[in-house]
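S.K.: Would you mind keeping the following structure in view while I ask a few things?
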Amino acid sequence: MPRVNTFKVKVQTGPQGMSEPVHFNFNNHKLPFENATGSAEPGEVFEGSFDVNSFAHSLTLVGPESGKWEIEKITIEYDCENEKPYTVHFGAITLDETTEVNIWQDPPILAFDV
Amino acid sequence: MNFIKRFFTGMKQDVEPEAPVMVEEVEKSIEVPEPEPETEPETETNFPAVRSVLQIPAISTGVFPKDSAEVLIKAQPSTTGDQCLFTVNRPLMKGYSWYFPDFESAVESSLAEALFCLDDVETVLVCESTVTVTRKDKTLVDWVPLAKEVGPAIRNALGTGEGLIAEKIVSNLPSEEEIREGIQKVIDTEVNPGVAGHGGNISLLAIKGNSVTIQMGGGCQGCSAADLTLKQGIHTSFRKAVPRVGAIFDETDHTAGLNPYFS
């Protein structure tokens, strides 16, 4: 469980979007993104980041308060302490007022060519 | 009540002159209780909605460049350092897996023979296009020196053109039904009664070829000793009862839930 310095999120919304601000849940604390650009409207791309500086136990992208949010693709760039920056891609998922999606992924295990 | 009031007043006066006032206040509040303001019943909207956390697999990018003529091998030591996974960019045992517990079991299997010739190799598991190696010296966690020997050994075995896996193994591979029956029997009669004492349970998720995928539930899910239970308990029981079982995968998400072990 590494200490996360910052993370950046890029979310591609599908045919059904939402007009609400995008929130994430870090260790059960619901927060809005910093440096947010774009939106979660249909077909739009939302980008946001957050300077966490804390240890990650859980990190989720929170669904809308009402309606559905069809996500086509999520890309997250993690910058963790003592780790090389790494990027994780997730596929399509639909969120609503009862759901959130896990976007935390541990740093990749060291692999080398032999 | 007045007697009690005087009694307490008399006792407290030596120490704390303000005490009688306090008693008076208490007495008043008992005799004439103020009517509590009516509060509106709390509605569900006062509480944050409890959301369920969905899990989606991360999209993996290819380990190797496509259509490479060269034999490429990537070594990936486990987080616990007890084993190392070698991924090769070509199939080693299509659709099946085989566990070689010692040098004797590797006879006529050129790949396993080559690996057991290395000093520190203890066991070898060949599965599809991967080889998992455990080492004899459990005190060493740096896999780089041994991995640098394993890589060329795999490459040489592939280059010889001989059967990587012995013919007697390939021709006698068990059916999925045979593996399923055997493993389910071990789970029901041996494994689950054992882990039930800790509130755990093991379920058989899938069989592919002779490879088995299980899931750990109850107290086992998220338990810090789950890896030990899996490798020293479940693996041993499975291999003893069903010797021709190959790879054993654990699909448990040990990080799911807020506090899985104690919930």
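Naming scheme: A, B, ... for chains in displayed order of the structure tokens; residues 1 onward per chain; ligands 1 onward as shown.
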If DSSP is run on the backbone, what residues of chain A are strand (DSSP E)? A reply as an MDAnalysis selection string would be ideal.
M.R.: chainID A and resid 3:13 23:26 29:32 34:38 45:55 59:62 69:80 86:90 93:95 99:102 112:113
S.K.: Within 12 Å of chain A, which residues of chain B show up? Give each one with its shortest atom-to-atom distance in Å (one decimal) and the two atoms involved, counting only C-alpha atoms, rows by chain then rising residue number, as CSV.
M.R.:
residue,atom,partner,partner_atom,distance
B:Thr45,CA,A:Glu65,CA,11.7
B:Pro48,CA,A:Glu65,CA,10.4
B:Ala49,CA,A:Thr98,CA,7.0
B:Val50,CA,A:Thr98,CA,6.8
B:Arg51,CA,A:Thr98,CA,4.5
B:Ser52,CA,A:Thr99,CA,4.9
B:Val53,CA,A:Glu100,CA,5.0
B:Leu54,CA,A:Val101,CA,4.6
B:Gln55,CA,A:Asn102,CA,5.6
B:Ile56,CA,A:Phe90,CA,6.9
B:Pro57,CA,A:Phe90,CA,6.6
B:Ala58,CA,A:Phe90,CA,4.7
B:Ile59,CA,A:His89,CA,5.3
B:Ser60,CA,A:His89,CA,7.6
B:Thr61,CA,A:His89,CA,9.0
B:Val63,CA,A:Ala111,CA,10.0
B:Phe64,CA,A:Asp113,CA,10.3
B:Val71,CA,A:Val114,CA,10.2
B:Leu72,CA,A:Asp113,CA,7.5
B:Ile73,CA,A:Val114,CA,5.7
B:Lys74,CA,A:Asp113,CA,4.5
B:Ala75,CA,A:Phe112,CA,5.3
B:Gln76,CA,A:Ala111,CA,4.4
B:Pro77,CA,A:Ala111,CA,7.2
B:Ser78,CA,A:Ile109,CA,7.6
B:Thr79,CA,A:Ile109,CA,7.1
B:Thr80,CA,A:Ile109,CA,10.9
B:Gly81,CA,A:Ile109,CA,11.1
B:Cys84,CA,A:Ala111,CA,9.8
B:Leu85,CA,A:Ala111,CA,9.2
B:Phe86,CA,A:Val114,CA,8.8
B:Thr87,CA,A:Asp113,CA,9.6
B:Val88,CA,A:Val114,CA,10.1
B:Asn89,CA,A:Asp113,CA,11.6
B:Asp142,CA,A:Leu110,CA,11.6
B:Trp143,CA,A:Phe112,CA,10.3
B:Val144,CA,A:Phe112,CA,8.6
B:Pro145,CA,A:Val114,CA,10.0
B:Leu146,CA,A:Val114,CA,10.0
B:Ala147,CA,A:Val114,CA,6.6
B:Lys148,CA,A:Val114,CA,5.4
B:Glu149,CA,A:Val114,CA,8.1
B:Val150,CA,A:Val114,CA,7.8
B:Gly151,CA,A:Val114,CA,4.9
B:Pro152,CA,A:Val114,CA,7.3
B:Ala153,CA,A:Val114,CA,10.2
B:Ile154,CA,A:Val114,CA,9.9
B:Arg155,CA,A:Val114,CA,9.7
B:Thr255,CA,A:His57,CA,8.8
B:Ala256,CA,A:Ser58,CA,9.3
B:Gly257,CA,A:Ser58,CA,9.6
B:Leu258,CA,A:Ser58,CA,8.9
B:Asn259,CA,A:His57,CA,10.9
S.K.: Go ahead and save the residues from that selection, with N, CA and C atoms, as a short mmCIF file (atom, residue, chain, number, x, y, z; two decimals), in the first residue's frame.
M.R.:
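What follows is the written file result34.cif:
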data_model
loop_
_atom_site.label_atom_id
_atom_site.label_comp_id
_atom_site.auth_asym_id
_atom_site.auth_seq_id
_atom_site.Cartn_x
_atom_site.Cartn_y
_atom_site.Cartn_z
N THR B 45 -33.13 10.70 3.74
CA THR B 45 -32.29 11.62 2.98
C THR B 45 -31.22 12.28 3.85
N PRO B 48 -25.99 9.71 4.15
CA PRO B 48 -25.41 9.51 2.81
C PRO B 48 -25.75 8.12 2.28
N ALA B 49 -25.99 8.05 1.00
CA ALA B 49 -26.35 6.75 0.41
C ALA B 49 -25.17 5.79 0.51
N VAL B 50 -25.47 4.57 0.88
CA VAL B 50 -24.42 3.54 0.93
C VAL B 50 -24.32 2.96 -0.47
N ARG B 51 -23.17 3.15 -1.07
CA ARG B 51 -22.99 2.70 -2.45
C ARG B 51 -22.23 1.39 -2.48
N SER B 52 -22.55 0.58 -3.46
CA SER B 52 -21.78 -0.65 -3.63
C SER B 52 -20.61 -0.35 -4.57
N VAL B 53 -19.46 -0.94 -4.25
CA VAL B 53 -18.25 -0.69 -5.04
C VAL B 53 -18.14 -1.74 -6.13
N LEU B 54 -18.15 -1.29 -7.37
CA LEU B 54 -18.03 -2.20 -8.51
C LEU B 54 -16.55 -2.41 -8.83
N GLN B 55 -16.24 -3.60 -9.25
CA GLN B 55 -14.86 -3.93 -9.63
C GLN B 55 -14.83 -4.23 -11.13
N ILE B 56 -13.95 -3.57 -11.84
CA ILE B 56 -13.74 -3.93 -13.25
C ILE B 56 -12.26 -4.20 -13.46
N PRO B 57 -11.95 -5.21 -14.28
CA PRO B 57 -10.54 -5.52 -14.48
C PRO B 57 -9.84 -4.43 -15.27
N ALA B 58 -8.60 -4.18 -14.90
CA ALA B 58 -7.80 -3.21 -15.64
C ALA B 58 -7.46 -3.81 -17.00
N ILE B 59 -7.41 -2.95 -18.01
CA ILE B 59 -7.07 -3.41 -19.36
C ILE B 59 -5.55 -3.56 -19.42
N SER B 60 -5.12 -4.78 -19.71
CA SER B 60 -3.67 -5.01 -19.71
C SER B 60 -3.10 -4.74 -21.10
N THR B 61 -1.97 -4.12 -21.10
CA THR B 61 -1.29 -3.89 -22.37
C THR B 61 -0.34 -5.07 -22.60
N VAL B 63 2.58 -7.71 -23.03
CA VAL B 63 3.88 -7.80 -22.36
C VAL B 63 5.01 -7.72 -23.38
N PHE B 64 4.77 -8.36 -24.54
CA PHE B 64 5.81 -8.44 -25.56
C PHE B 64 5.35 -7.78 -26.86
N VAL B 71 13.01 -15.34 -29.03
CA VAL B 71 12.35 -15.84 -27.81
C VAL B 71 12.54 -14.79 -26.72
N LEU B 72 11.44 -14.21 -26.30
CA LEU B 72 11.51 -13.18 -25.27
C LEU B 72 10.95 -13.73 -23.95
N ILE B 73 11.65 -13.46 -22.87
CA ILE B 73 11.24 -13.98 -21.56
C ILE B 73 11.27 -12.84 -20.54
N LYS B 74 10.18 -12.72 -19.80
CA LYS B 74 10.11 -11.71 -18.74
C LYS B 74 10.01 -12.41 -17.39
N ALA B 75 10.82 -11.98 -16.44
CA ALA B 75 10.79 -12.56 -15.09
C ALA B 75 10.04 -11.61 -14.17
N GLN B 76 9.16 -12.19 -13.35
CA GLN B 76 8.38 -11.38 -12.43
C GLN B 76 8.34 -12.07 -11.06
N PRO B 77 9.23 -11.67 -10.15
CA PRO B 77 9.19 -12.29 -8.81
C PRO B 77 7.89 -11.93 -8.10
N SER B 78 7.41 -12.85 -7.27
CA SER B 78 6.18 -12.57 -6.51
C SER B 78 6.48 -11.55 -5.43
N THR B 79 5.43 -10.91 -4.93
CA THR B 79 5.62 -9.87 -3.90
C THR B 79 6.22 -10.46 -2.63
N THR B 80 5.92 -11.74 -2.37
CA THR B 80 6.47 -12.36 -1.17
C THR B 80 7.88 -12.91 -1.41
N GLY B 81 8.31 -12.96 -2.66
CA GLY B 81 9.66 -13.38 -2.99
C GLY B 81 9.88 -14.89 -2.96
N CYS B 84 9.06 -17.13 -8.66
CA CYS B 84 9.25 -16.18 -9.77
C CYS B 84 8.53 -16.72 -11.00
N LEU B 85 7.77 -15.85 -11.63
CA LEU B 85 7.01 -16.22 -12.83
C LEU B 85 7.79 -15.78 -14.06
N PHE B 86 8.00 -16.71 -14.97
CA PHE B 86 8.68 -16.40 -16.23
C PHE B 86 7.66 -16.51 -17.36
N THR B 87 7.42 -15.40 -18.05
CA THR B 87 6.47 -15.40 -19.15
C THR B 87 7.25 -15.42 -20.46
N VAL B 88 6.90 -16.38 -21.33
CA VAL B 88 7.61 -16.56 -22.60
C VAL B 88 6.66 -16.16 -23.73
N ASN B 89 7.20 -15.62 -24.81
CA ASN B 89 6.32 -15.17 -25.90
C ASN B 89 5.96 -16.28 -26.88
N ASP B 142 16.36 -11.84 -3.56
CA ASP B 142 16.76 -11.24 -4.84
C ASP B 142 16.77 -12.34 -5.90
N TRP B 143 15.83 -12.22 -6.85
CA TRP B 143 15.67 -13.24 -7.87
C TRP B 143 16.55 -12.99 -9.11
N VAL B 144 17.16 -11.82 -9.19
CA VAL B 144 17.87 -11.46 -10.43
C VAL B 144 18.95 -12.49 -10.81
N PRO B 145 19.85 -12.88 -9.88
CA PRO B 145 20.90 -13.84 -10.30
C PRO B 145 20.33 -15.17 -10.81
N LEU B 146 19.37 -15.74 -10.10
CA LEU B 146 18.80 -17.02 -10.54
C LEU B 146 17.98 -16.84 -11.82
N ALA B 147 17.22 -15.74 -11.90
CA ALA B 147 16.40 -15.49 -13.09
C ALA B 147 17.28 -15.37 -14.34
N LYS B 148 18.47 -14.80 -14.17
CA LYS B 148 19.38 -14.65 -15.30
C LYS B 148 19.90 -16.02 -15.78
N GLU B 149 19.80 -17.04 -14.92
CA GLU B 149 20.18 -18.39 -15.33
C GLU B 149 18.97 -19.14 -15.90
N VAL B 150 17.79 -18.87 -15.32
CA VAL B 150 16.56 -19.56 -15.77
C VAL B 150 16.22 -19.15 -17.20
N GLY B 151 16.34 -17.85 -17.50
CA GLY B 151 15.99 -17.36 -18.84
C GLY B 151 16.72 -18.12 -19.95
N PRO B 152 18.08 -18.14 -19.93
CA PRO B 152 18.81 -18.89 -20.97
C PRO B 152 18.47 -20.39 -20.97
N ALA B 153 18.20 -20.97 -19.79
CA ALA B 153 17.84 -22.40 -19.73
C ALA B 153 16.54 -22.66 -20.48
N ILE B 154 15.56 -21.80 -20.31
CA ILE B 154 14.29 -21.95 -21.04
C ILE B 154 14.54 -21.77 -22.54
N ARG B 155 15.33 -20.77 -22.87
CA ARG B 155 15.63 -20.48 -24.29
C ARG B 155 16.35 -21.67 -24.94
N THR B 255 -8.59 -7.73 -1.04
CA THR B 255 -8.67 -6.34 -0.59
C THR B 255 -10.11 -5.83 -0.57
N ALA B 256 -11.06 -6.66 -1.01
CA ALA B 256 -12.45 -6.20 -1.09
C ALA B 256 -13.04 -6.03 0.31
N GLY B 257 -13.98 -5.11 0.41
CA GLY B 257 -14.64 -4.88 1.70
C GLY B 257 -13.85 -3.93 2.57
N LEU B 258 -14.50 -3.42 3.59
CA LEU B 258 -13.84 -2.46 4.47
C LEU B 258 -12.92 -3.15 5.45
N ASN B 259 -13.35 -4.28 5.96
CA ASN B 259 -12.54 -5.01 6.94
C ASN B 259 -12.90 -6.49 6.82
#
S.K.: I'd like the interatomic distance between CA of Ala247 in chain B and CA of Glu113 in chain B, to a tenth of an Å.
M.R.: 18.7 Å
S.K.: Between B:Cys127, B:Cys220, B:Ala241, B:Leu164, which residue has the minimum interatomic distance to Lys208 in chain B, considering only C-alpha atoms?
M.R.: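 Smallest distance to Lys208 in chain B is found for B:Cys127.
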S.K.: Please determine, counting only C-alpha atoms, which residue among A:Pro107, A:Val52, A:Met1, A:Glu77 has the shortest atom-to-atom distance to His29 in chain A.
M.R.: A:Val52
S.K.: Need the shell around range 12-16 of chain A: protein/DNA/RNA residues with any atom at most 7 Å away, counting only C-alpha atoms. Skip same-chain ones fewer than 3 positions apart. Format as a list in words?
M.R.: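 Here the answer would be Ala40, Glu41, Pro42, Gly43, Glu44, Val45, Phe46, Lys68, Trp69, Glu70, Ile71, Glu72, Lys73 and Ile74 of chain A.
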S.K.: Using all heavy atoms, can you write the selected residues to a file as a JSON list (two decimals), in the first residue's frame?
M.R.:
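Result file again_14.json:
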[["chain", "number", "residue", "atom", "x", "y", "z"],
["A", 40, "ALA", "N", -18.71, 15.51, -17.72],
["A", 40, "ALA", "CA", -19.18, 14.13, -17.84],
["A", 40, "ALA", "C", -20.46, 14.07, -18.66],
["A", 40, "ALA", "O", -21.26, 13.15, -18.52],
["A", 40, "ALA", "CB", -19.40, 13.54, -16.45],
["A", 41, "GLU", "N", -20.66, 15.08, -19.49],
["A", 41, "GLU", "CA", -21.82, 15.08, -20.40],
["A", 41, "GLU", "C", -21.61, 14.01, -21.47],
["A", 41, "GLU", "O", -20.47, 13.58, -21.70],
["A", 41, "GLU", "CB", -21.96, 16.46, -21.06],
["A", 41, "GLU", "CG", -22.18, 17.62, -20.10],
["A", 41, "GLU", "CD", -23.61, 17.71, -19.61],
["A", 41, "GLU", "OE1", -24.45, 16.91, -20.07],
["A", 41, "GLU", "OE2", -23.89, 18.56, -18.75],
["A", 42, "PRO", "N", -22.69, 13.59, -22.15],
["A", 42, "PRO", "CA", -22.54, 12.53, -23.16],
["A", 42, "PRO", "C", -21.46, 12.84, -24.20],
["A", 42, "PRO", "O", -21.43, 13.94, -24.76],
["A", 42, "PRO", "CB", -23.92, 12.47, -23.82],
["A", 42, "PRO", "CG", -24.84, 12.99, -22.78],
["A", 42, "PRO", "CD", -24.08, 14.00, -21.99],
["A", 43, "GLY", "N", -20.57, 11.89, -24.42],
["A", 43, "GLY", "CA", -19.51, 12.03, -25.42],
["A", 43, "GLY", "C", -18.35, 12.91, -25.01],
["A", 43, "GLY", "O", -17.38, 13.05, -25.76],
["A", 44, "GLU", "N", -18.42, 13.51, -23.83],
["A", 44, "GLU", "CA", -17.37, 14.44, -23.39],
["A", 44, "GLU", "C", -16.27, 13.70, -22.62],
["A", 44, "GLU", "O", -16.46, 12.58, -22.16],
["A", 44, "GLU", "CB", -17.96, 15.54, -22.51],
["A", 44, "GLU", "CG", -18.93, 16.46, -23.20],
["A", 44, "GLU", "CD", -18.25, 17.37, -24.20],
["A", 44, "GLU", "OE1", -17.26, 18.01, -23.82],
["A", 44, "GLU", "OE2", -18.71, 17.42, -25.36],
["A", 45, "VAL", "N", -15.14, 14.39, -22.48],
["A", 45, "VAL", "CA", -14.02, 13.84, -21.71],
["A", 45, "VAL", "C", -13.81, 14.71, -20.48],
["A", 45, "VAL", "O", -13.72, 15.94, -20.60],
["A", 45, "VAL", "CB", -12.73, 13.79, -22.55],
["A", 45, "VAL", "CG1", -11.55, 13.32, -21.71],
["A", 45, "VAL", "CG2", -12.91, 12.89, -23.76],
["A", 46, "PHE", "N", -13.76, 14.08, -19.33],
["A", 46, "PHE", "CA", -13.49, 14.81, -18.08],
["A", 46, "PHE", "C", -12.06, 14.50, -17.65],
["A", 46, "PHE", "O", -11.61, 13.36, -17.70],
["A", 46, "PHE", "CB", -14.46, 14.37, -16.98],
["A", 46, "PHE", "CG", -14.08, 14.90, -15.62],
["A", 46, "PHE", "CD1", -14.47, 16.17, -15.23],
["A", 46, "PHE", "CD2", -13.32, 14.14, -14.74],
["A", 46, "PHE", "CE1", -14.10, 16.67, -13.98],
["A", 46, "PHE", "CE2", -12.94, 14.63, -13.50],
["A", 46, "PHE", "CZ", -13.34, 15.90, -13.12],
["A", 68, "LYS", "N", -28.06, 7.90, -14.62],
["A", 68, "LYS", "CA", -26.97, 6.96, -14.90],
["A", 68, "LYS", "C", -25.83, 7.67, -15.61],
["A", 68, "LYS", "O", -26.05, 8.64, -16.33],
["A", 68, "LYS", "CB", -27.49, 5.82, -15.78],
["A", 68, "LYS", "CG", -28.38, 4.84, -15.03],
["A", 68, "LYS", "CD", -28.75, 3.68, -15.93],
["A", 68, "LYS", "CE", -29.76, 2.75, -15.29],
["A", 68, "LYS", "NZ", -29.30, 2.10, -14.08],
["A", 69, "TRP", "N", -24.63, 7.13, -15.40],
["A", 69, "TRP", "CA", -23.43, 7.68, -16.05],
["A", 69, "TRP", "C", -22.73, 6.52, -16.75],
["A", 69, "TRP", "O", -22.17, 5.65, -16.12],
["A", 69, "TRP", "CB", -22.53, 8.33, -15.00],
["A", 69, "TRP", "CG", -21.28, 8.94, -15.54],
["A", 69, "TRP", "CD1", -21.01, 9.31, -16.82],
["A", 69, "TRP", "CD2", -20.11, 9.27, -14.78],
["A", 69, "TRP", "NE1", -19.76, 9.85, -16.90],
["A", 69, "TRP", "CE2", -19.17, 9.84, -15.67],
["A", 69, "TRP", "CE3", -19.75, 9.14, -13.43],
["A", 69, "TRP", "CZ2", -17.92, 10.27, -15.27],
["A", 69, "TRP", "CZ3", -18.52, 9.57, -13.03],
["A", 69, "TRP", "CH2", -17.60, 10.14, -13.94],
["A", 70, "GLU", "N", -22.82, 6.56, -18.08],
["A", 70, "GLU", "CA", -22.18, 5.50, -18.87],
["A", 70, "GLU", "C", -20.75, 5.91, -19.18],
["A", 70, "GLU", "O", -20.53, 6.86, -19.94],
["A", 70, "GLU", "CB", -22.95, 5.26, -20.17],
["A", 70, "GLU", "CG", -24.24, 4.48, -19.98],
["A", 70, "GLU", "CD", -24.95, 4.24, -21.30],
["A", 70, "GLU", "OE1", -24.27, 4.17, -22.34],
["A", 70, "GLU", "OE2", -26.18, 4.15, -21.29],
["A", 71, "ILE", "N", -19.83, 5.18, -18.61],
["A", 71, "ILE", "CA", -18.41, 5.49, -18.83],
["A", 71, "ILE", "C", -17.87, 4.53, -19.87],
["A", 71, "ILE", "O", -18.11, 3.32, -19.80],
["A", 71, "ILE", "CB", -17.63, 5.35, -17.50],
["A", 71, "ILE", "CG1", -18.11, 6.39, -16.50],
["A", 71, "ILE", "CG2", -16.13, 5.50, -17.75],
["A", 71, "ILE", "CD1", -17.55, 6.21, -15.10],
["A", 72, "GLU", "N", -17.16, 5.09, -20.85],
["A", 72, "GLU", "CA", -16.57, 4.23, -21.89],
["A", 72, "GLU", "C", -15.17, 3.79, -21.50],
["A", 72, "GLU", "O", -14.79, 2.65, -21.72],
["A", 72, "GLU", "CB", -16.52, 4.98, -23.22],
["A", 72, "GLU", "CG", -17.80, 4.85, -24.01],
["A", 72, "GLU", "CD", -17.70, 5.43, -25.38],
["A", 72, "GLU", "OE1", -16.66, 6.01, -25.75],
["A", 72, "GLU", "OE2", -18.70, 5.32, -26.11],
["A", 73, "LYS", "N", -14.39, 4.71, -20.94],
["A", 73, "LYS", "CA", -13.01, 4.38, -20.61],
["A", 73, "LYS", "C", -12.50, 5.29, -19.49],
["A", 73, "LYS", "O", -12.82, 6.47, -19.46],
["A", 73, "LYS", "CB", -12.13, 4.55, -21.87],
["A", 73, "LYS", "CG", -10.76, 3.94, -21.73],
["A", 73, "LYS", "CD", -9.95, 4.11, -23.00],
["A", 73, "LYS", "CE", -8.55, 3.57, -22.81],
["A", 73, "LYS", "NZ", -7.68, 3.82, -23.94],
["A", 74, "ILE", "N", -11.74, 4.70, -18.59],
["A", 74, "ILE", "CA", -11.12, 5.48, -17.51],
["A", 74, "ILE", "C", -9.60, 5.26, -17.60],
["A", 74, "ILE", "O", -9.14, 4.12, -17.68],
["A", 74, "ILE", "CB", -11.60, 5.01, -16.12],
["A", 74, "ILE", "CG1", -13.13, 5.00, -16.04],
["A", 74, "ILE", "CG2", -11.02, 5.89, -15.01],
["A", 74, "ILE", "CD1", -13.67, 4.29, -14.80]]
S.K.: Rounded to one decimal in Å, what is the spacing between CA of Thr252 in chain B and CA of Gly62 in chain B?
M.R.: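 Here the two named atoms are 23.8 Å from each other.
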S.K.: Just how far from CA of Ile214 in chain B is CA of Asp102 in chain B, in Å to one decimal?
M.R.: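 The value is 24.7 Å.
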